[in-house]
Structure formats: structure tokens, C-alpha cells
Amino acid sequence: MSELRGRLASWDSMIIVVTAVVVVAASIGVENFGTSTNFTFLVLDLLPIALIALPMTMIVITGEIDLSVASTLGLTSAIMGDLWNRGLTIETIIPLCVLVGALLGAVNGVLINRLGLPSLAVTIGTLALYRGLALVVLGDAAVADFPWAFTGWVTGTIGGGPVPNVLLVLVVLAVAFGVVLHATPVGRALFAIGANDQAARFSGIDVARTKFWLYVVSGAIAGLAGVLWTLRYSSARADNGAGLELAVVAAVLLGGVSIFGGRGSLWGVLSGVLLLAVLQNALRLQDVSGQALNIVTGVLLIASVLLPNIITGVRDSVHRRRRRTVPLKSS
Amino acid sequence: MTSATVEKTAAPRFANPFKQREMGIVLALVVLVGFTAINQSRFLSAQSVTDILLNTAILAVLASGMAVVVITRHIDLSVGSVLGLSAFTVATVMQQNQGLPMVAALGLGLAIGAVAGVLNGALVHFGNVPALVVTLGTMYAYRGLTYSWAGGQQVTADEVPRHFLHFANSALLGVPWLVLIALVVIAGVGLMMRNYRIGRELYAMGSSPQAAGLAGIRIARNTLVAFVISGALAGLGGVLYASRFGTVDASSGNGYELQVVAAVVVGGVAVFGGSGTIWGAGLGALLLTVIGSALAVLDINQFWQQAIVGALIVLAIGADRLVAVRIARTLRKRDSHV
């Protein structure tokens, strides 16, 4: 177990080191990367992925997955546009949208935990369902005339400097999620569920209820991401954020969270998000097309799971050899 | 184990068709087609039926491959990207070699898909990486490969040879080639899964990977076979796609994997492996396509289509779960009598 934890720590720190190296290399080698304008855009670009990755980290740690997040984002955006068209004030719309996100998450939660359906299948289903409903709500129209006070705040920076206002939202939420995951009994319960959910149940953790609330939180955050997305581009569209779920899952796995549950950390995931965003940003500045960058994302994703496996394999074979030469007392 | 118990547990050669899981889809199809035809007689016109079958064909070819992978308790999310890679490659090759026969195009597509599948399978088995992660990764990678090669270019219908385009629309004895190929694929893969040893082994691996390993099933080879079938059929789907639509670019088949997974799940293949049939997956593809056409004919907002597909997936896995729970209860009851 301690060996396991050691390996986990090493993967987390490895990702953080790799991220740091890539950031330094990009600021030296890539023209315009180190500029304050680019920094603002980098943060704005990674914001939705980073936000959604917070609850996704917890969900994957419990051994489940939520593929419906990007569709939740799209549906919230569509509803936001529709409500704005109907003349509601933005101050009512924003909390309503977050609430809608939470409700959509609750639907996932009920299907997965009350009915015992596999989360992968359920959220593939709601991925299609929510995106479809988004199209039903708004069609292929776009709603654009949101008040400048809000769109300006989302795209604006603190005191006109390089730090975007929305980074505050991310930092506050990241700290909150980090504390819950790594410093409270709730967080320890999540790891326990992921390691062995039966053992967790026997030790008095209400596994079903915990998972249900995880999906509610995941939906609410996706709803919030939908609001911020809409305000940033000043455009509510049904297809907003399409395909984003895969980027989020990629970042979470890259950040060292085990897809089988039970292992991972929030700082690992945040550096995973940063690594992906910096690579994409730097390569794009070098005129590599955005779509071709998918190769990098794909290879990184596979490598993030493959490399630790290889390391463990090598370490195990070394262990076995050592055991063969030096017989242990008890075995 | 005596031979008598083996006799008893073996599936009957011809199961009662009304007790099969796929009956639900057939029923849904009958109701849907009946309702639509009553409200709009042109729904059953020759042209409309041909269109539905042509659209089903490509989806069914990919769904057959996906079903094999899902039965083995894996998933292949890279099929849409493999379709795109194959479609663009084949269209480009045909554009530059106008004399190349159709068979060569089909072979090339199959080969591209098979290579992609080998890579998926090897990473899943030898790399010990879950299929969800591997194929999510290769979904990006294969698509990125196509983009970095194709860029913004496209191959248009007037650049490829006439016989290549003609293929999708021509028919043998009144049945379009596309439909024939889909039927051959469903029958072939279905037969393999139902009657041959490798097929039964794939079901066994899906039911319980550990037990299958202990029973001496060659997991490595079989995993590779499953992914190669899925990849090769996605590659074949790419050729059919290029032939049917003529114009292809790097984004062809983007997001298609969702529809394929939907067809398989709606067709009664359990997402946790071990059960379901290939013809069920084919029926699932048909149902999804018919829903799309029915909505169009009935003048219902086309945007409802995706929502209905999503609801169907949730319904299908819910029903599947219900069946599984009931079977488990029956088995437990039967055991208690012994």
C-alpha cells in the first residue's frame, strides 16, 4: 500500500514537473507565449475544462465516470438563451441555470445509484439526451445580446492586468474541492469507495447517497461552466462545448487519477489541465492547426496510463528477481 | 459435470423467437413504421425505403464490429475517426488512380481499419490500459492524423472515378450493394459469434474475464481479434461512406461513434459484456435510422431525434438491467430447490 502511494505521488509530481518544464520551454522558445494577452486567453480557454475537471476528479476517484457534462453545459447554455429571450433578468437566469445543471446531474445520479445502472452507459445516454434537448430548446439559433456588465466581467481582467476575473472563480472552487477531497472524511470516503465499494459500505459509508451527490455537484458545475461559456463568447448556442467531456476526461487521467478508482489528486489533475492547455496554446502559436493537435492529446492520454503500467511492470519483475535470489522468511 | 447438465444449459438451437430480447426492437419498429405509414403514405414509397436501407447499411456495418467489442466487455470509441481516416485515404487514392477497381478500394479500407484495430487491441491487452482510455486516445490521434494530412482540403464527388460513386447506388437483383454488404457483414460476424469457437470465447470473456482466463481461453489473441474486427469494419464503413457521399474531408464521420454505440446498446447488447447478438445491433441501427426518417416524414422537429436516441439508450440499459435482475432472481430460486 505504501508502495502504491509512493508511485501515485511520483506520477503526480512527474506531471507537475513536466508541466513546469513545458511552461518554461514555451515561454523561452515560443514567440508571444509569455505575453500577458496570451496568458489571459490561456486561462479563459482552460477555464471550462478546469472547472468541470474538479467534480470529475471526485467521480473518477470513486470508480465512476460522467460523460454527460459537456451536454449539460450545452443544455444550460441553450436554456440561458431561451430565458433571456423570454425577458428574464440575468440575475435570475444565472442561479436558475446552475440549478438546472444540478437537476440534470440528479437525473444521472438517480439512474446510476437508485437503479444500479453502469455510469458509462447512463452518461453516454444522457450525453445524447441533453444535447438533443438543447437543440429542442434553442434549435440552431444563437442568442447574443447579453448585458455588457456580465460578458465584460467574464472576459475582463483584474485591474486591467493579465489575470482574468474568472480565475478567481476557479481558484475559490479549486481550493474548496481540494480541501474536501484531501482533508475531510468525505474525501477519504471517496477514495475508500473507489478502492473497494463493498468494504466502504461495510465501514458505514453511504455509497449510493455519496455518488448521487457527486453527480448533482458535477451537473451544477457544468451548469456554471455553461453560464461562463455563454457570457465569454456572448453567445448561447445548443452546440456550445460539444466534445468537451473527452478533454476533461483526458485531463483527469493525465493528472494521474486511476480510471479504476481509488487513486488520484486534485493538484495532479489541475496540472494535467494546465499541461494540455499550454501544449495546445504553444503549438497553436507555432501555427500547428488545432485539429492536428488532437494527436498530442490522444498520445498523452494513452501514455498517462500506459507509462505507470510499464514502470510498475519493470519494478515488479525486479522485485521478483530479488525475491528469487534472497528467500524471504515469511511468504 | 454430466452430459445431461451440459445438454440442459446449452442454448437451444432454435429459441422461441417471441422470447428473444430482440423482439422488443422488432415490435418497436413495427409500431413506428405502422404509425408513420398510416399518417404519411409516402413513408413506404420505394425511394424512401431505399434511402432508409442505405443509411442503415453503413451504421449497421460499424455496429456489428462494435457489438463484438462490447460483448467482450470493452468499448471502441475510435470507430468514427477510423471511418474518417479510411474514407479520406481511399477517396484520395481513388482520385489519383482513376483506374483502380472497387475491390481494391474496399481492401484498402479494410486494411487501414485493421491496422488501427491492431493498435487499439495491443494497447488494451499488452499495455493493460482500459479500452475506454485507449480508444478515447486513438479517437483523438486518428482524427488528428487525418487532419494533419488533409488539412482543410476535401475530395469532391467529381474528382473520384465514376464507378466508385456508382457503386453505392447500383444494385444486384434489386438490392443495393451497400445493403448487401451490410447483410453479409451481419450474417458473417453473427455466425462467427454464434456458432464458432472464437465467438463463444468472446462471450465467455465478456461474462467473466477472470473465469475465461482460468478456462484457458487465449485472451490476448481474442482481444486483438475483437478490436481488429471493429477496426476493419469501421475502415470498410469509411469506403462505403466515401462511395455514398462522394465528398469527404478530414471531419467525415466526426461524432459517429456515439451513434454506433447507441445502435449497439439499443439493439440489446449489454454494456457490461457477455450478452447480445450481432443481428440485434443491426436492428438497433435500423431502428435509429427509421426514427430519423419518421421524424422527417411526420414533420416533427428534427432536433428531437438526438433527444429520442438518448432516451432510448437510457431505456434500453434500464430494460436490460431489469431482465438481468429477474434472471438472477430466477436462478437463485431454482438453486434453492436443489
# chains A, B, ... in the order shown; residues from 1 in each chain; ligands from 1
$ interface_residues --of "chain A" --to "chain B" --cutoff "8 Å" --atoms "only C-alpha atoms" --output "PyMOL selection string"
chain A and resi 115+117-118+121-122+124-133+135-136+139+246+259+289+291-302+305-306+309-310
$ select_by_dssp --residues "range 167-201 of chain B" --states "strand (DSSP E or B)" --output "number ranges by chain"
B: 171-172, 175-176
$ write_last_selection --atoms "C-alpha atoms" --output "PDB file, in the first residue's frame"
ATOM      1  CA  ALA B 171     -27.886  -2.809 -57.138  1.00  0.00           C
ATOM      2  CA  LEU B 172     -27.662  -6.549 -57.584  1.00  0.00           C
ATOM      3  CA  VAL B 175     -30.812  -4.945 -53.675  1.00  0.00           C
ATOM      4  CA  PRO B 176     -28.310  -2.078 -53.383  1.00  0.00           C
TER       5      PRO B 176
END
$ atom_distance --atom1 "CA of Leu231 in chain A" --atom2 "CA of Thr157 in chain A"
14.4 Å
$ closest_residue --among "B:Asn169, B:Thr50, B:Ser230, B:Thr72" --to "Leu110 in chain B" --atoms "only C-alpha atoms"
B:Ser230
$ atom_distance --atom1 "CA of Gly84 in chain B" --atom2 "CA of Ser252 in chain B"
4.9 Å
$ decode --residues "range 21-32 of chain A" --atoms "all heavy atoms" --output "short mmCIF file (atom, residue, chain, number, x, y, z; two decimals), in the first residue's frame"
data_model
loop_
_atom_site.label_atom_id
_atom_site.label_comp_id
_atom_site.auth_asym_id
_atom_site.auth_seq_id
_atom_site.Cartn_x
_atom_site.Cartn_y
_atom_site.Cartn_z
N VAL A 21 8.24 22.28 -16.88
CA VAL A 21 9.24 22.28 -17.95
C VAL A 21 8.63 22.81 -19.25
O VAL A 21 9.22 23.66 -19.94
CB VAL A 21 9.82 20.86 -18.17
CG1 VAL A 21 10.65 20.81 -19.45
CG2 VAL A 21 10.65 20.44 -16.98
N VAL A 22 7.42 22.32 -19.57
CA VAL A 22 6.76 22.75 -20.81
C VAL A 22 6.47 24.24 -20.77
O VAL A 22 6.68 24.96 -21.76
CB VAL A 22 5.46 21.95 -21.04
CG1 VAL A 22 4.64 22.56 -22.16
CG2 VAL A 22 5.80 20.50 -21.37
N VAL A 23 6.03 24.75 -19.60
CA VAL A 23 5.74 26.18 -19.48
C VAL A 23 7.01 27.00 -19.72
O VAL A 23 7.01 27.97 -20.49
CB VAL A 23 5.14 26.51 -18.09
CG1 VAL A 23 5.07 28.02 -17.88
CG2 VAL A 23 3.76 25.90 -17.96
N VAL A 24 8.11 26.60 -19.06
CA VAL A 24 9.37 27.33 -19.22
C VAL A 24 9.85 27.27 -20.66
O VAL A 24 10.19 28.29 -21.27
CB VAL A 24 10.44 26.77 -18.26
CG1 VAL A 24 11.80 27.38 -18.58
CG2 VAL A 24 10.05 27.03 -16.81
N ALA A 25 9.81 26.04 -21.23
CA ALA A 25 10.28 25.88 -22.61
C ALA A 25 9.46 26.73 -23.56
O ALA A 25 10.00 27.37 -24.46
CB ALA A 25 10.20 24.40 -23.01
N ALA A 26 8.13 26.75 -23.33
CA ALA A 26 7.26 27.51 -24.22
C ALA A 26 7.53 29.01 -24.09
O ALA A 26 7.57 29.73 -25.09
CB ALA A 26 5.80 27.21 -23.92
N SER A 27 7.75 29.48 -22.85
CA SER A 27 7.97 30.92 -22.70
C SER A 27 9.29 31.35 -23.32
O SER A 27 9.42 32.49 -23.75
CB SER A 27 7.90 31.37 -21.23
OG SER A 27 7.67 30.30 -20.39
N ILE A 28 10.27 30.44 -23.35
CA ILE A 28 11.55 30.79 -23.98
C ILE A 28 11.46 30.60 -25.50
O ILE A 28 11.82 31.48 -26.26
CB ILE A 28 12.70 29.91 -23.41
CG1 ILE A 28 12.89 30.20 -21.93
CG2 ILE A 28 13.99 30.17 -24.18
CD1 ILE A 28 13.81 29.22 -21.23
N GLY A 29 10.93 29.44 -25.91
CA GLY A 29 11.04 29.06 -27.32
C GLY A 29 9.93 29.56 -28.21
O GLY A 29 10.10 29.65 -29.42
N VAL A 30 8.75 29.84 -27.63
CA VAL A 30 7.62 30.20 -28.48
C VAL A 30 7.36 31.69 -28.41
O VAL A 30 7.12 32.23 -27.33
CB VAL A 30 6.36 29.41 -28.07
CG1 VAL A 30 5.19 29.80 -28.96
CG2 VAL A 30 6.63 27.92 -28.14
N GLU A 31 7.41 32.32 -29.57
CA GLU A 31 7.18 33.75 -29.62
C GLU A 31 5.76 34.07 -29.18
O GLU A 31 4.82 33.33 -29.51
CB GLU A 31 7.40 34.24 -31.06
CG GLU A 31 7.86 35.68 -31.12
CD GLU A 31 8.03 36.14 -32.57
OE1 GLU A 31 8.24 35.26 -33.43
OE2 GLU A 31 7.94 37.34 -32.81
N ASN A 32 5.58 35.12 -28.42
CA ASN A 32 4.27 35.59 -27.95
C ASN A 32 3.65 34.73 -26.86
O ASN A 32 2.56 35.03 -26.38
CB ASN A 32 3.25 35.69 -29.10
CG ASN A 32 3.62 36.79 -30.07
OD1 ASN A 32 4.25 37.77 -29.67
ND2 ASN A 32 3.28 36.61 -31.32
#
